[in-house]
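As provided, upload.txt (compact mmCIF, C-alpha atoms and all ligand atoms) reads as follows.
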```
# COMPACT_ATOMS: atom_id res chain seq x y z
CA MET A 1 -125.66 -60.93 81.62
CA ASN A 2 -125.08 -57.34 82.56
CA PRO A 3 -121.50 -56.15 82.23
CA VAL A 4 -119.77 -55.32 85.51
CA ARG A 5 -118.94 -51.65 85.64
CA ASN A 6 -116.48 -51.42 88.52
CA PRO A 7 -114.60 -53.52 91.10
CA GLU A 8 -116.98 -52.61 93.91
CA GLU A 9 -119.96 -53.86 91.96
CA LEU A 10 -118.22 -57.17 91.22
CA ALA A 11 -117.25 -57.63 94.87
CA ASP A 12 -120.88 -56.95 95.88
CA LYS A 13 -122.18 -59.49 93.39
CA VAL A 14 -119.74 -62.18 94.55
CA LEU A 15 -120.68 -61.59 98.18
CA GLY A 16 -124.37 -61.73 97.23
CA ALA A 17 -123.93 -65.02 95.37
CA ILE A 18 -122.15 -66.60 98.36
CA LYS A 19 -124.76 -65.33 100.82
CA ALA A 20 -127.64 -66.61 98.71
CA VAL A 21 -126.22 -70.13 98.80
CA ALA A 22 -124.93 -70.18 102.40
CA GLY A 23 -128.21 -68.85 103.80
CA LEU A 24 -126.42 -67.77 106.98
CA ASP A 25 -124.97 -64.56 108.45
CA SER A 26 -121.44 -65.91 108.24
CA ALA A 27 -119.56 -68.98 107.10
CA MET A 28 -116.10 -70.41 107.66
CA LEU A 29 -114.02 -71.70 104.78
CA HIS A 30 -114.21 -75.32 105.90
CA GLU A 31 -115.55 -76.78 109.13
CA PRO A 32 -115.68 -80.47 110.05
CA THR A 33 -119.03 -82.25 110.44
CA PHE A 34 -119.51 -84.72 113.30
CA GLN A 35 -122.85 -86.40 112.80
CA GLY A 36 -122.12 -90.08 113.23
CA ASN A 37 -120.48 -92.34 115.80
CA GLU A 38 -117.65 -89.95 116.70
CA TRP A 39 -118.47 -89.69 120.44
CA LYS A 40 -119.27 -93.39 120.71
CA TYR A 41 -116.00 -94.61 119.17
CA LEU A 42 -113.90 -92.08 121.06
CA LYS A 43 -115.42 -93.21 124.36
CA GLU A 44 -114.90 -96.83 123.41
CA CYS A 45 -111.29 -96.03 122.61
CA LEU A 46 -110.68 -94.26 125.96
CA ASP A 47 -112.41 -97.06 127.87
CA SER A 48 -110.12 -99.58 126.20
CA THR A 49 -107.01 -97.58 127.35
CA PHE A 50 -105.49 -98.26 123.92
CA VAL A 51 -105.21 -94.62 122.89
CA SER A 52 -101.80 -94.67 121.25
CA SER A 53 -100.20 -96.27 118.22
CA VAL A 54 -101.68 -99.75 118.65
CA GLY A 55 -105.35 -100.65 118.75
CA LYS A 56 -108.32 -102.02 116.89
CA PHE A 57 -109.44 -98.68 115.44
CA VAL A 58 -106.16 -98.24 113.56
CA ASP A 59 -106.59 -101.67 111.96
CA GLN A 60 -110.26 -101.03 111.22
CA PHE A 61 -109.54 -97.59 109.76
CA GLU A 62 -106.91 -99.03 107.42
CA VAL A 63 -109.17 -101.84 106.21
CA GLU A 64 -112.11 -99.51 105.61
CA LEU A 65 -109.99 -96.89 103.91
CA ALA A 66 -108.55 -99.50 101.54
CA SER A 67 -112.02 -100.76 100.78
CA TYR A 68 -113.41 -97.25 100.16
CA THR A 69 -110.56 -96.18 97.86
CA GLY A 70 -110.07 -99.52 96.14
CA ALA A 71 -106.38 -99.52 97.08
CA LYS A 72 -105.08 -102.93 98.14
CA TYR A 73 -103.49 -101.44 101.26
CA ALA A 74 -103.83 -98.33 103.38
CA VAL A 75 -101.32 -97.47 106.11
CA ALA A 76 -102.43 -94.84 108.63
CA MET A 77 -99.95 -92.09 109.47
CA VAL A 78 -99.69 -89.30 111.99
CA ASN A 79 -100.45 -86.63 109.36
CA GLY A 80 -100.50 -86.03 105.63
CA SER A 81 -97.02 -84.51 105.55
CA ALA A 82 -95.56 -87.64 107.17
CA ALA A 83 -97.51 -89.81 104.72
CA LEU A 84 -96.07 -87.83 101.81
CA HIS A 85 -92.54 -88.09 103.21
CA MET A 86 -92.96 -91.85 103.59
CA ALA A 87 -94.48 -92.13 100.10
CA LEU A 88 -91.48 -90.43 98.51
CA LEU A 89 -89.04 -92.63 100.44
CA LEU A 90 -90.92 -95.74 99.28
CA ALA A 91 -90.72 -94.47 95.70
CA GLY A 92 -86.93 -94.46 96.06
CA VAL A 93 -86.29 -90.74 96.46
CA VAL A 94 -82.84 -90.17 97.98
CA ARG A 95 -80.57 -87.24 98.77
CA ASP A 96 -79.79 -84.92 95.83
CA ASP A 97 -82.54 -86.32 93.64
CA GLU A 98 -85.04 -83.95 92.06
CA VAL A 99 -88.80 -84.41 92.38
CA LEU A 100 -91.18 -82.70 89.95
CA ILE A 101 -93.99 -80.95 91.80
CA PRO A 102 -96.41 -78.19 90.81
CA ALA A 103 -95.51 -74.67 91.97
CA LEU A 104 -99.24 -74.38 92.67
CA THR A 105 -99.63 -76.62 95.72
CA PHE A 106 -99.64 -76.40 99.50
CA VAL A 107 -96.14 -76.08 100.96
CA ALA A 108 -96.30 -79.61 102.47
CA THR A 109 -95.60 -81.17 99.05
CA ALA A 110 -92.29 -79.31 98.76
CA ASN A 111 -91.44 -79.85 102.42
CA ALA A 112 -91.80 -83.62 102.06
CA VAL A 113 -89.38 -83.60 99.12
CA THR A 114 -86.92 -81.62 101.23
CA TYR A 115 -87.22 -84.06 104.19
CA CYS A 116 -85.76 -86.71 101.84
CA GLY A 117 -82.76 -84.47 101.14
CA ALA A 118 -84.11 -84.06 97.61
CA ILE A 119 -84.84 -80.89 95.64
CA PRO A 120 -88.29 -79.79 94.45
CA HIS A 121 -88.33 -79.01 90.72
CA PHE A 122 -91.32 -76.78 90.01
CA VAL A 123 -93.59 -77.41 87.03
CA ASP A 124 -96.52 -75.50 85.56
CA SER A 125 -100.27 -75.99 86.01
CA GLU A 126 -103.26 -75.58 83.71
CA LYS A 127 -106.82 -74.30 83.90
CA GLN A 128 -108.90 -77.43 83.18
CA THR A 129 -107.77 -79.37 86.23
CA PHE A 130 -105.61 -76.84 88.18
CA GLY A 131 -103.07 -79.70 88.07
CA ILE A 132 -99.79 -80.22 86.18
CA ASP A 133 -99.87 -79.08 82.53
CA ILE A 134 -99.02 -82.36 80.77
CA ASP A 135 -98.35 -81.07 77.24
CA LYS A 136 -96.07 -78.36 78.52
CA LEU A 137 -94.24 -80.75 80.85
CA SER A 138 -93.72 -83.33 78.06
CA ALA A 139 -92.10 -80.72 75.82
CA TYR A 140 -89.97 -79.50 78.73
CA LEU A 141 -88.73 -82.99 79.66
CA GLN A 142 -88.05 -83.76 75.99
CA ALA A 143 -85.80 -80.71 75.73
CA ASN A 144 -84.19 -80.75 79.16
CA THR A 145 -83.58 -84.36 80.19
CA LEU A 146 -81.73 -87.44 78.99
CA GLN A 147 -81.90 -91.11 79.94
CA GLU A 148 -78.89 -92.73 81.59
CA GLY A 149 -78.91 -96.25 83.04
CA GLY A 150 -82.69 -96.25 83.33
CA ASN A 151 -82.75 -92.87 85.11
CA CYS A 152 -84.08 -89.53 83.94
CA ILE A 153 -81.29 -86.95 84.20
CA ASN A 154 -81.75 -83.19 84.30
CA ARG A 155 -79.31 -81.96 81.59
CA VAL A 156 -78.68 -78.69 83.43
CA THR A 157 -78.15 -79.86 87.02
CA ARG A 158 -77.05 -83.45 86.17
CA ARG A 159 -79.26 -84.69 89.02
CA VAL A 160 -81.63 -87.65 88.75
CA ILE A 161 -85.31 -86.69 88.41
CA ARG A 162 -86.58 -89.57 90.53
CA ALA A 163 -90.25 -88.88 91.01
CA ILE A 164 -93.19 -86.72 90.02
CA ALA A 165 -95.73 -85.77 92.71
CA PRO A 166 -98.89 -84.27 91.23
CA MET A 167 -101.47 -82.79 93.58
CA HIS A 168 -105.23 -82.98 93.00
CA VAL A 169 -106.03 -79.35 93.68
CA PHE A 170 -109.10 -78.66 95.87
CA GLY A 171 -110.21 -82.24 95.13
CA HIS A 172 -110.21 -81.96 91.32
CA PRO A 173 -108.26 -84.88 89.82
CA SER A 174 -105.20 -84.03 87.73
CA ASN A 175 -104.74 -85.53 84.26
CA LEU A 176 -103.70 -88.96 85.53
CA GLU A 177 -103.60 -90.60 82.11
CA GLY A 178 -101.06 -88.01 81.01
CA LEU A 179 -99.10 -88.36 84.24
CA LEU A 180 -98.91 -92.15 83.91
CA LYS A 181 -97.58 -91.73 80.37
CA ILE A 182 -94.89 -89.27 81.47
CA SER A 183 -93.95 -91.57 84.34
CA LYS A 184 -93.52 -94.49 81.94
CA ASP A 185 -91.89 -92.60 79.06
CA TYR A 186 -89.29 -90.88 81.25
CA ASN A 187 -88.73 -93.44 84.04
CA ILE A 188 -90.00 -91.10 86.73
CA ALA A 189 -91.91 -92.65 89.67
CA LEU A 190 -95.47 -91.40 90.13
CA VAL A 191 -96.39 -90.47 93.72
CA GLU A 192 -99.76 -88.78 94.21
CA ASP A 193 -100.34 -86.05 96.75
CA ALA A 194 -104.01 -86.93 97.21
CA ALA A 195 -104.24 -85.00 100.48
CA GLU A 196 -107.20 -82.98 99.19
CA SER A 197 -108.94 -85.61 97.09
CA LEU A 198 -110.38 -88.32 99.33
CA GLY A 199 -113.53 -89.43 97.48
CA SER A 200 -112.43 -88.00 94.10
CA GLN A 201 -112.24 -90.28 91.10
CA TYR A 202 -110.57 -90.16 87.72
CA CYS A 203 -112.31 -92.36 85.11
CA GLY A 204 -114.06 -94.24 87.90
CA ARG A 205 -110.90 -94.99 89.88
CA HIS A 206 -110.02 -93.32 93.18
CA THR A 207 -107.24 -90.72 93.16
CA GLY A 208 -104.13 -91.80 95.05
CA THR A 209 -104.26 -95.31 93.56
CA PHE A 210 -102.66 -94.56 90.18
CA GLY A 211 -99.06 -94.10 91.28
CA ILE A 212 -96.70 -96.39 93.19
CA VAL A 213 -97.97 -94.73 96.37
CA GLY A 214 -100.49 -92.02 97.24
CA ALA A 215 -100.81 -89.86 100.34
CA LEU A 216 -104.01 -88.67 102.05
CA SER A 217 -104.54 -86.10 104.82
CA PHE A 218 -107.17 -86.02 107.57
CA ASN A 219 -106.28 -82.63 108.99
CA GLY A 220 -109.11 -80.66 110.60
CA ASN A 221 -109.88 -78.72 107.42
CA LYS A 222 -110.00 -81.70 105.05
CA THR A 223 -113.09 -83.58 103.80
CA ILE A 224 -112.96 -85.93 106.81
CA THR A 225 -110.75 -85.45 109.85
CA THR A 226 -109.00 -87.52 112.48
CA GLY A 227 -107.90 -84.37 114.30
CA GLY A 228 -104.53 -84.75 112.66
CA GLY A 229 -103.73 -87.69 110.47
CA GLY A 230 -102.85 -89.09 107.10
CA ALA A 231 -102.53 -92.34 105.23
CA LEU A 232 -100.58 -93.97 102.52
CA LEU A 233 -102.30 -95.92 99.73
CA THR A 234 -100.54 -98.63 97.71
CA ASN A 235 -101.27 -101.82 95.81
CA SER A 236 -97.92 -103.33 96.80
CA LEU A 237 -97.82 -105.64 99.82
CA GLU A 238 -94.07 -105.14 100.05
CA LEU A 239 -94.38 -101.34 100.18
CA ALA A 240 -97.28 -101.48 102.66
CA ARG A 241 -95.17 -103.65 104.98
CA LEU A 242 -92.20 -101.36 104.58
CA ALA A 243 -94.37 -98.33 105.33
CA LYS A 244 -95.56 -99.89 108.59
CA HIS A 245 -92.05 -100.92 109.55
CA LEU A 246 -90.44 -97.54 108.81
CA SER A 247 -93.26 -95.65 110.54
CA THR A 248 -92.93 -97.71 113.75
CA THR A 249 -89.22 -97.04 114.42
CA ALA A 250 -88.20 -100.08 112.33
CA LYS A 251 -88.78 -102.27 115.36
CA ILE A 252 -88.41 -105.99 114.74
CA PRO A 253 -91.45 -107.68 116.27
CA HIS A 254 -90.53 -109.53 119.46
CA GLN A 255 -92.32 -110.17 122.76
CA TRP A 256 -89.95 -108.09 124.86
CA GLU A 257 -86.79 -107.18 123.00
CA TYR A 258 -86.03 -103.77 121.48
CA SER A 259 -84.31 -104.32 118.16
CA HIS A 260 -84.44 -101.91 115.24
CA ASP A 261 -82.88 -102.56 111.85
CA CYS A 262 -82.48 -99.00 110.55
CA VAL A 263 -83.00 -95.35 111.44
CA ALA A 264 -86.73 -94.82 111.06
CA PHE A 265 -89.71 -92.77 112.20
CA ASN A 266 -92.53 -92.59 114.71
CA TYR A 267 -95.18 -91.77 112.11
CA ARG A 268 -98.04 -94.14 113.05
CA MET A 269 -101.52 -92.77 113.63
CA PRO A 270 -102.68 -93.10 117.28
CA ASN A 271 -105.73 -95.28 117.96
CA LEU A 272 -107.60 -92.27 119.40
CA ASN A 273 -107.36 -90.46 116.06
CA ALA A 274 -108.29 -93.61 114.17
CA ALA A 275 -111.44 -93.95 116.31
CA LEU A 276 -112.55 -90.54 115.07
CA GLY A 277 -111.55 -91.58 111.54
CA CYS A 278 -113.70 -94.73 111.61
CA ALA A 279 -116.76 -92.64 112.50
CA GLN A 280 -115.93 -90.05 109.85
CA LEU A 281 -115.49 -92.69 107.13
CA GLU A 282 -119.03 -93.91 107.83
CA ILE A 283 -120.46 -90.49 106.96
CA LEU A 284 -118.03 -89.73 104.11
CA PRO A 285 -120.47 -90.60 101.29
CA LYS A 286 -123.02 -88.26 102.85
CA LEU A 287 -120.45 -85.46 103.18
CA ILE A 288 -119.41 -85.77 99.55
CA GLU A 289 -123.00 -85.79 98.38
CA ALA A 290 -123.57 -82.56 100.34
CA LYS A 291 -120.45 -80.93 98.89
CA ARG A 292 -121.47 -81.88 95.35
CA LYS A 293 -124.93 -80.42 95.95
CA LEU A 294 -123.32 -77.24 97.31
CA ALA A 295 -121.27 -77.02 94.10
CA LEU A 296 -124.41 -77.11 91.95
CA GLU A 297 -125.99 -74.39 94.07
CA TYR A 298 -122.91 -72.21 93.70
CA ARG A 299 -122.79 -72.88 89.97
CA ASN A 300 -126.35 -71.59 89.61
CA SER A 301 -125.75 -68.67 91.93
CA PHE A 302 -122.66 -67.51 90.00
CA SER A 303 -124.00 -68.26 86.53
CA GLY A 304 -125.52 -64.80 86.11
CA ILE A 305 -122.41 -62.86 87.07
CA GLU A 306 -120.26 -61.56 84.26
CA GLY A 307 -116.51 -61.94 84.78
CA VAL A 308 -116.65 -64.85 87.24
CA SER A 309 -117.03 -68.57 86.70
CA PHE A 310 -117.51 -71.38 89.17
CA LYS A 311 -115.07 -74.30 88.91
CA LEU A 312 -116.75 -77.57 87.92
CA GLU A 313 -115.15 -81.02 87.98
CA PRO A 314 -112.88 -81.87 85.00
CA GLU A 315 -114.13 -84.19 82.25
CA ASN A 316 -114.30 -87.90 83.18
CA CYS A 317 -113.79 -87.00 86.81
CA ARG A 318 -115.89 -87.07 89.93
CA SER A 319 -114.60 -84.46 92.37
CA ASN A 320 -115.18 -84.32 96.11
CA TYR A 321 -115.37 -80.49 95.84
CA TRP A 322 -113.22 -80.18 98.95
CA LEU A 323 -112.75 -76.43 98.46
CA GLN A 324 -115.26 -74.67 96.23
CA THR A 325 -113.58 -72.26 93.85
CA ILE A 326 -114.44 -69.31 91.63
CA ILE A 327 -112.23 -68.07 88.79
CA LEU A 328 -112.10 -64.41 87.81
CA ASP A 329 -111.75 -63.50 84.14
CA SER A 330 -108.21 -62.20 83.71
CA LYS A 331 -109.49 -58.69 83.07
CA HIS A 332 -110.92 -58.71 86.60
CA ALA A 333 -107.79 -60.11 88.30
CA ASN A 334 -107.14 -56.72 89.90
CA THR A 335 -110.48 -57.04 91.73
CA ARG A 336 -109.39 -60.19 93.59
CA ASP A 337 -108.13 -58.44 96.69
CA ARG A 338 -111.23 -56.26 96.98
CA ILE A 339 -113.42 -59.38 96.78
CA LEU A 340 -111.32 -61.08 99.49
CA GLU A 341 -111.53 -57.99 101.68
CA LYS A 342 -115.26 -57.48 101.26
CA THR A 343 -116.30 -61.11 101.82
CA ASN A 344 -114.03 -61.64 104.83
CA GLN A 345 -115.14 -58.36 106.42
CA SER A 346 -118.75 -59.45 105.94
CA GLY A 347 -118.17 -62.73 107.80
CA PHE A 348 -117.86 -65.02 104.77
CA MET A 349 -114.43 -66.58 104.76
CA THR A 350 -112.72 -66.64 101.39
CA ARG A 351 -109.08 -67.31 100.54
CA PRO A 352 -106.71 -66.79 97.64
CA VAL A 353 -104.82 -69.82 96.39
CA TRP A 354 -101.41 -70.55 97.99
CA ASN A 355 -98.49 -68.32 97.11
CA LEU A 356 -96.57 -70.14 94.38
CA LEU A 357 -93.81 -72.11 96.07
CA HIS A 358 -90.90 -71.03 93.87
CA LYS A 359 -91.20 -67.55 95.41
CA PHE A 360 -90.30 -68.71 98.94
CA LYS A 361 -86.69 -68.11 99.91
CA GLN A 362 -86.21 -71.70 101.08
CA PHE A 363 -86.91 -72.88 97.51
CA ALA A 364 -85.17 -70.03 95.69
CA ASN A 365 -82.47 -72.34 94.28
CA SER A 366 -84.90 -74.99 93.06
CA PRO A 367 -85.05 -75.62 89.32
CA LYS A 368 -88.28 -74.57 87.58
CA MET A 369 -89.84 -74.41 84.15
CA ASP A 370 -91.87 -71.50 82.77
CA LEU A 371 -94.72 -71.08 85.27
CA SER A 372 -97.03 -68.72 83.38
CA GLY A 373 -100.08 -71.00 83.74
CA ALA A 374 -99.70 -71.20 87.52
CA ILE A 375 -99.06 -67.44 87.72
CA ASP A 376 -102.37 -66.77 85.92
CA LEU A 377 -104.23 -69.14 88.22
CA GLU A 378 -102.66 -67.59 91.31
CA LYS A 379 -104.07 -64.18 90.34
CA THR A 380 -107.60 -65.32 89.58
CA LEU A 381 -108.66 -68.15 91.95
CA ILE A 382 -110.70 -67.61 95.11
CA ASN A 383 -111.92 -70.33 97.51
CA ILE A 384 -115.34 -69.72 99.00
CA PRO A 385 -117.14 -71.28 102.01
CA SER A 386 -117.10 -75.05 101.43
CA SER A 387 -118.25 -76.90 104.57
CA ALA A 388 -120.43 -79.94 103.94
CA HIS A 389 -123.13 -78.63 106.28
CA LEU A 390 -123.78 -75.76 103.81
CA GLY A 391 -124.99 -78.39 101.36
CA MET A 392 -127.18 -80.12 103.95
CA GLY A 393 -129.61 -77.24 104.40
CA ASN A 394 -127.49 -76.30 107.50
C1 LIG B 1 -103.34 -80.82 103.74
C2 LIG B 1 -102.28 -81.09 102.72
C3 LIG B 1 -101.13 -81.86 102.99
C4 LIG B 1 -100.72 -82.45 104.29
O1 LIG B 1 -101.40 -82.26 105.33
P1 LIG B 1 -101.17 -82.42 106.88
O2 LIG B 1 -101.65 -81.12 107.41
O3 LIG B 1 -99.75 -82.69 107.16
O4 LIG B 1 -102.05 -83.57 107.25
C5 LIG B 1 -100.25 -82.12 101.96
N1 LIG B 1 -100.47 -81.64 100.74
C6 LIG B 1 -101.54 -80.90 100.44
C7 LIG B 1 -101.71 -80.43 99.06
C8 LIG B 1 -102.47 -80.58 101.42
O5 LIG B 1 -103.53 -79.82 101.09
```
Would you mind writing the structure in this file as structure tokens?
Ligand SMILES: *Cc1c(COP(=O)(O)O)cnc(C)c1O
Amino acid sequence: MNPVRNPEELADKVLGAIKAVAGLDSAMLHEPTFQGNEWKYLKECLDSTFVSSVGKFVDQFEVELASYTGAKYAVAMVNGSAALHMALLLAGVVRDDEVLIPALTFVATANAVTYCGAIPHFVDSEKQTFGIDIDKLSAYLQANTLQEGGNCINRVTRRVIRAIAPMHVFGHPSNLEGLLKISKDYNIALVEDAAESLGSQYCGRHTGTFGIVGALSFNGNKTITTGGGGALLTNSLELARLAKHLSTTAKIPHQWEYSHDCVAFNYRMPNLNAALGCAQLEILPKLIEAKRKLALEYRNSFSGIEGVSFKLEPENCRSNYWLQTIILDSKHANTRDRILEKTNQSGFMTRPVWNLLHKFKQFANSPKMDLSGAIDLEKTLINIPSSAHLGMGN
């Protein structure tokens, strides 16, 4: 490999590697693919007049989603943020609790914690998975928490650390074995933010099915879309029933009477969105195959460039490669912005990773551990065009 002499040369090489794979004049970061029964099911749904929160597509979508993921139950929600909120409530998160979440995640994870009246407690991430750094977190919890009445207490704030919500970044599964161990050792409920990892497996098991509850998203930029939408995965019949009840205004079923047994939510996915979802689920295996093929093409295209590596799935994992990612060697971190500028100006959409959440003013008072791993990742990760159609020969 030839050494890279200056930032401009590296930016040119990255753009060239993307272009060679995309084979187009421009490419978005992530576009949906509608190649199946989308129009057919949407028409059927409109013709039925059942477009809102009741209808056969919602039921069908839930059954098929459960079957695809191997979860016993799936409950469709209006979006991924609502699914995450519901998941945390089901895990027992209440006002003034703390919830451990990575600083390196989309803001929705922290928002959902805040909707419960709880406080996000930011933890560090590592390079292999982009997920929570288990060894570092274990040492941190050992030093900074104590057990009281079956609860994990933060020694500094005296608040209960009720749950941990890992996120499977860009579709790469976090270290779930390590997370399960922490959950058990410290009495902290595991809730997975699997919004980005539909179709991703850890040791042969689908992400989102390891914790008490998992949350998925079907936003327009995710692997499959329902326009807007989300779902909750769980193996507990009791929690699945509760999720349906709380997401339909806690209405007690009755032929005509309006009775509600608690303050609840209108979080159910409309039938119209579920119709789109049913069609998208049918083509999901094909989409994932295309995204995995795209990843191999990118790997080859970037393999000759010094200073950049392409992110491959972690060991024992099968990733959906939702967003394809390159990592700059730390000595090239100062070239990141030039690469972003050059690729975007040339019509190839690239993005930096999210700003770390502890920097936002709304989370300024949240507890956090040393975040040096996440800070390094923030400086060196770039997402490149990732649509499934790029892996289908366009
Ligand atoms: C997309 C996403 C969500 C939630 O998505 P919605 O847009 O509300 O459907 C939550 N967490 C992460 C990490 C996400 O990427």
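Counting only C-alpha atoms and all ligand atoms and comparing A:Val63, A:Ala87, A:Leu246, A:Leu10, the residue that lies closest to ligand LIG 1 (chain B) is A:Ala87.
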| Skipping near chain neighbours, those fewer than 4 positions away, what residues fall within 7 Å of His260 of chain A using only C-alpha atoms, listed as a list in words? | Thr249, Ala250, Lys251 and Ile252 of chain A
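Between atom CA of Met86 of chain A and atom CA of Val156 of chain A there is a distance of 28.0 Å.
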Within 10 Å of ligand LIG 1 (chain B) (only C-alpha atoms and all ligand atoms), residues as a compact mmCIF listing (two decimals) with C-alpha atoms, in the frame of the given file:
```txt
# COMPACT_ATOMS: atom_id res chain seq x y z
CA MET A 77 -99.95 -92.09 109.47
CA VAL A 78 -99.69 -89.30 111.99
CA ASN A 79 -100.45 -86.63 109.36
CA GLY A 80 -100.50 -86.03 105.63
CA SER A 81 -97.02 -84.51 105.55
CA ALA A 82 -95.56 -87.64 107.17
CA ALA A 83 -97.51 -89.81 104.72
CA LEU A 84 -96.07 -87.83 101.81
CA HIS A 85 -92.54 -88.09 103.21
CA LEU A 104 -99.24 -74.38 92.67
CA THR A 105 -99.63 -76.62 95.72
CA PHE A 106 -99.64 -76.40 99.50
CA VAL A 107 -96.14 -76.08 100.96
CA ALA A 108 -96.30 -79.61 102.47
CA THR A 109 -95.60 -81.17 99.05
CA ALA A 110 -92.29 -79.31 98.76
CA ASN A 111 -91.44 -79.85 102.42
CA ALA A 112 -91.80 -83.62 102.06
CA PRO A 166 -98.89 -84.27 91.23
CA MET A 167 -101.47 -82.79 93.58
CA HIS A 168 -105.23 -82.98 93.00
CA VAL A 169 -106.03 -79.35 93.68
CA PHE A 170 -109.10 -78.66 95.87
CA GLY A 171 -110.21 -82.24 95.13
CA GLU A 192 -99.76 -88.78 94.21
CA ASP A 193 -100.34 -86.05 96.75
CA ALA A 194 -104.01 -86.93 97.21
CA ALA A 195 -104.24 -85.00 100.48
CA GLU A 196 -107.20 -82.98 99.19
CA SER A 197 -108.94 -85.61 97.09
CA ALA A 215 -100.81 -89.86 100.34
CA LEU A 216 -104.01 -88.67 102.05
CA SER A 217 -104.54 -86.10 104.82
CA PHE A 218 -107.17 -86.02 107.57
CA ASN A 219 -106.28 -82.63 108.99
CA GLY A 220 -109.11 -80.66 110.60
CA ASN A 221 -109.88 -78.72 107.42
CA LYS A 222 -110.00 -81.70 105.05
CA THR A 225 -110.75 -85.45 109.85
CA THR A 226 -109.00 -87.52 112.48
CA GLY A 227 -107.90 -84.37 114.30
CA GLY A 228 -104.53 -84.75 112.66
CA GLY A 229 -103.73 -87.69 110.47
CA GLY A 230 -102.85 -89.09 107.10
CA ALA A 231 -102.53 -92.34 105.23
CA TRP A 322 -113.22 -80.18 98.95
CA TRP A 354 -101.41 -70.55 97.99
```
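All residues of protein, DNA or RNA that reach within 7 Å of Ala290 of chain A, judged by all atoms listed in the file and not counting those fewer than 6 positions away in the chain, are Ala388, Gly391 and Met392 of chain A.
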| said: Using all atoms listed in the file for the distances, tell me which of A:Leu89, A:Val51, A:Ile327, A:Arg159 is nearest to Ala264 of chain A. | reply: A:Leu89
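From atom CA of Ser303 of chain A back to atom CA of Glu315 of chain A, the distance works out to 19.2 Å.
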Counting all atoms listed in the file, give me one row per residue of segment 256-348 of chain A with an atom at most 6 Å from an atom of segment 25-44 of chain A, showing the shortest contact pair and its distance in Å to one decimal, sorted by chain then residue number, as JSON lines.
```
{"residue": "A:Ala275", "atom": "CA", "partner": "A:Tyr41", "partner_atom": "CA", "distance": 5.4}
{"residue": "A:Leu276", "atom": "CA", "partner": "A:Glu38", "partner_atom": "CA", "distance": 5.4}
{"residue": "A:Ala279", "atom": "CA", "partner": "A:Asn37", "partner_atom": "CA", "distance": 5.0}
{"residue": "A:Gly347", "atom": "CA", "partner": "A:Ser26", "partner_atom": "CA", "distance": 4.6}
{"residue": "A:Phe348", "atom": "CA", "partner": "A:Ala27", "partner_atom": "CA", "distance": 4.9}
```
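Across A:Ala364, A:Val14, A:Ala91, A:Ala66, the tightest approach to Ile119 of chain A is made by A:Ala364 when counting all atoms listed in the file.
Each of A:Arg95, A:Arg162, A:Ser387, A:Ser174 was compared to Ile134 of chain A using all atoms listed in the file, and A:Ser174 turns out to be the nearest.
The smallest atom-to-atom distance between Tyr68 of chain A and any of A:Leu328, A:Leu357, A:Leu284, A:Leu381, using all atoms listed in the file, is found for A:Leu284.
Restricting the calculation to all atoms listed in the file, the smallest distance between Gln60 of chain A and any of A:Cys262, A:Leu237, A:Leu312, A:Leu281 is found for A:Leu281.
Separating atom CA of Thr209 of chain A from atom CA of Lys72 of chain A is a distance of 8.9 Å.
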Padding of 4 Å on every side, edges along x, y and z, all listed atoms of segment 113-131 of chain A included: what centre and edge lengths in Å, to one decimal, does that box have, as AutoDock Vina command-line options?
```
--center_x -95.8 --center_y -80.5 --center_z 93.7 --size_x 34.1 --size_y 20.4 --size_z 29.0
```
| field | Residue list as JSON, numbers by chain for point (-124.9, -77.7, 90.8), cut-off 12 Å, only C-alpha atoms | value | {"A": [21, 289, 290, 291, 292, 293, 294, 295, 296, 297, 298, 299, 300, 301, 302, 303, 310, 311, 312, 313, 321, 324, 391]}
Residues of the last selection are to be written out with C-alpha atoms, as a PDB file, in the coordinates of the input.
```
ATOM      1  CA  VAL A  21    -126.220 -70.130  98.800  1.00  0.00           C
ATOM      2  CA  GLU A 289    -123.000 -85.790  98.380  1.00  0.00           C
ATOM      3  CA  ALA A 290    -123.570 -82.560 100.340  1.00  0.00           C
ATOM      4  CA  LYS A 291    -120.450 -80.930  98.890  1.00  0.00           C
ATOM      5  CA  ARG A 292    -121.470 -81.880  95.350  1.00  0.00           C
ATOM      6  CA  LYS A 293    -124.930 -80.420  95.950  1.00  0.00           C
ATOM      7  CA  LEU A 294    -123.320 -77.240  97.310  1.00  0.00           C
ATOM      8  CA  ALA A 295    -121.270 -77.020  94.100  1.00  0.00           C
ATOM      9  CA  LEU A 296    -124.410 -77.110  91.950  1.00  0.00           C
ATOM     10  CA  GLU A 297    -125.990 -74.390  94.070  1.00  0.00           C
ATOM     11  CA  TYR A 298    -122.910 -72.210  93.700  1.00  0.00           C
ATOM     12  CA  ARG A 299    -122.790 -72.880  89.970  1.00  0.00           C
ATOM     13  CA  ASN A 300    -126.350 -71.590  89.610  1.00  0.00           C
ATOM     14  CA  SER A 301    -125.750 -68.670  91.930  1.00  0.00           C
ATOM     15  CA  PHE A 302    -122.660 -67.510  90.000  1.00  0.00           C
ATOM     16  CA  SER A 303    -124.000 -68.260  86.530  1.00  0.00           C
ATOM     17  CA  PHE A 310    -117.510 -71.380  89.170  1.00  0.00           C
ATOM     18  CA  LYS A 311    -115.070 -74.300  88.910  1.00  0.00           C
ATOM     19  CA  LEU A 312    -116.750 -77.570  87.920  1.00  0.00           C
ATOM     20  CA  GLU A 313    -115.150 -81.020  87.980  1.00  0.00           C
ATOM     21  CA  TYR A 321    -115.370 -80.490  95.840  1.00  0.00           C
ATOM     22  CA  GLN A 324    -115.260 -74.670  96.230  1.00  0.00           C
ATOM     23  CA  GLY A 391    -124.990 -78.390 101.360  1.00  0.00           C
TER      24      GLY A 391
END
```
